[in-house]
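Everything on this sheet refers to the single structure shown next.
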Amino acid sequence: MDADINFYFDPVCPFAWMTSKWVRQVQSQRDYTVDWRFISLRLINAEVDYDAQFPPEYEAGHTAGLRLLRVAARARAEHGREAMGPLYAAFGAHIFDSAPGPQDSRSEGELRERRGTREFVEPILAEAGLPLDLADALDDESWDLEIRQETDEALSLTGKDVGTPIIHFEPPAGVAFFGPVISRLPREESAVELWDHVVGLSRFPGFAELKRSLREQPQLVALGGDADRVGKQEDWHGGSRRQKK
């Protein structure tokens with residue numbers, strides 16, 4: 001697929017979701033095509049000791065992300081690349097734009113683990129207009145090779161010390177970067193202006209990095225945020241929430 005933007009996402013990454021919402025804002029105002037591609041945080045961290053390096057709920061979350069990507073890979077194989085935009089939109093809306101019910105007493109780890117189950121996935125597939133039997137791919141590790149290859153493809157464009165999302169601007173000749181990482185969704189009238197600044201940087205062949213590890217918690221309902229409140233600032237050293245530098 002020839003696209004103006006290749007967007008590599010893991011469906012459980014809140015920053016990827018926030019950036020994807022911004023990209024969709026820009027799409028609505030510019031004639032851009034986006035190829036929604038895969039990058040797995042679980043595969044990136046395959047050799048990492050989660051218990052030692054991450055908060056306790058992260059392994060369950062990253063594993064659920066890999067399981068969802070298996071479903072997406074099968075959906076792409078059987079229904080085409082055009083199915084990825086609506087499916088990712090449905091994943092993100094349910095994961096990040098919906099608050100847990102007031103009677104839900106499950107722990108954060110249990111909530112994240114549930115995202116990799118048929119109970120969670122089947123209603124999303126129905127919402128995206130896709131067959132429910134695609135959920136069979138949740139446990140099908142044969143899709144992991146394709147997901148690994150696409151993850152490696154993304155990292156080959158940026159280098160390995162990155163997270164998600166990765167955006168490849170004007171592929172195949174254009175440059176790719178990790179991010180932009182944003183915690184707030186810009187207003188519609190500001191979305192394209194912000195985009196033009198980012199693309200301007202990406203088109204300069206000598207530009208490599210503009211970075212800070214301090215981030216606001218994303219303004220997403222599932223994280224307790226809203227558009228009228230600035231999220232708590234956290235230090236994401238190394239592009240992640242690893243507990244050790």
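Identifiers in this document derive from the order of the structure tokens: chains are assigned A, B, ..., residues are numbered from 1 separately in each chain, and ligands are numbered from 1 in order of occurrence.
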
*Give me the residues within 7 Å of stretch 60-67 of chain A as a ChimeraX atom specification, counting only C-alpha atoms and dropping any in the same chain fewer than 6 places off.*
/A:10-12,40-42,109,112-113,115-116,138-139

_Which residues are near A:Arg70? Cut-off 7 Å, only C-alpha atoms, ignore same chain within fewer than 5 positions. Put them as a ChimeraX atom specification._
/A:137-138,143-144

May I have the residues from that selection written out with N, CA and C atoms, as a short mmCIF file (atom, residue, chain, number, x, y, z; two decimals), in the first residue's frame?
```cif
data_model
loop_
_atom_site.label_atom_id
_atom_site.label_comp_id
_atom_site.auth_asym_id
_atom_site.auth_seq_id
_atom_site.Cartn_x
_atom_site.Cartn_y
_atom_site.Cartn_z
N ALA A 137 -7.48 -15.76 16.67
CA ALA A 137 -6.06 -15.44 16.53
C ALA A 137 -5.42 -15.00 17.83
N LEU A 138 -6.20 -14.72 18.87
CA LEU A 138 -5.63 -14.28 20.14
C LEU A 138 -4.54 -15.21 20.64
N TRP A 143 1.09 -15.85 14.07
CA TRP A 143 1.10 -14.46 13.59
C TRP A 143 2.26 -13.66 14.16
N ASP A 144 2.95 -14.20 15.16
CA ASP A 144 4.01 -13.43 15.82
C ASP A 144 5.18 -13.14 14.89
#
```

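Closest approach to A:Gln217 among A:Val199, A:Ala126, A:Val181, A:Leu145: A:Val181, based on only C-alpha atoms.
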
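Rounded to one decimal, atom CA of A:Leu210 and atom CA of A:Thr164 lie 15.5 Å from each other.
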
*Have a look at A:Asn45, A:Gln149, A:Ser142, A:Ser28 and name the one nearest to A:Asp161; count only C-alpha atoms.*
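So, comparing all the options, the nearest one is A:Asn45.
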
Sort by chain and increasing residue number a table of all residues of stretch 69-187 of chain A within 12 Å of stretch 13-24 of chain A, each with its closest pair of atoms and their distance in Å to one decimal, counting only C-alpha atoms, and write it as a tab-separated table.
```
residue	atom	partner	partner_atom	distance
A:Gly85	CA	A:Arg24	CA	9.5
A:Pro86	CA	A:Arg24	CA	11.1
A:Tyr88	CA	A:Trp17	CA	8.8
A:Ala89	CA	A:Lys21	CA	8.5
A:Ala90	CA	A:Trp17	CA	10.9
A:Phe91	CA	A:Trp17	CA	9.4
A:Gly92	CA	A:Trp17	CA	6.2
A:Ala93	CA	A:Trp17	CA	8.9
A:His94	CA	A:Trp17	CA	11.2
A:Ile95	CA	A:Pro14	CA	8.8
A:Phe96	CA	A:Pro14	CA	7.0
A:Asp97	CA	A:Trp17	CA	9.8
A:Arg112	CA	A:Cys13	CA	11.3
A:Gly163	CA	A:Ala16	CA	9.1
A:Thr164	CA	A:Ala16	CA	5.7
A:Pro165	CA	A:Ala16	CA	4.7
A:Ile166	CA	A:Ala16	CA	8.3
A:Ile167	CA	A:Thr19	CA	9.8
A:Phe169	CA	A:Val23	CA	11.7
A:Phe178	CA	A:Ala16	CA	9.9
A:Gly179	CA	A:Thr19	CA	7.5
A:Pro180	CA	A:Thr19	CA	6.9
A:Val181	CA	A:Phe15	CA	6.1
A:Ile182	CA	A:Thr19	CA	6.2
A:Ser183	CA	A:Met18	CA	6.8
A:Arg184	CA	A:Met18	CA	7.4
A:Leu185	CA	A:Trp22	CA	6.2
A:Pro186	CA	A:Trp22	CA	7.1
A:Arg187	CA	A:Trp22	CA	9.2
```
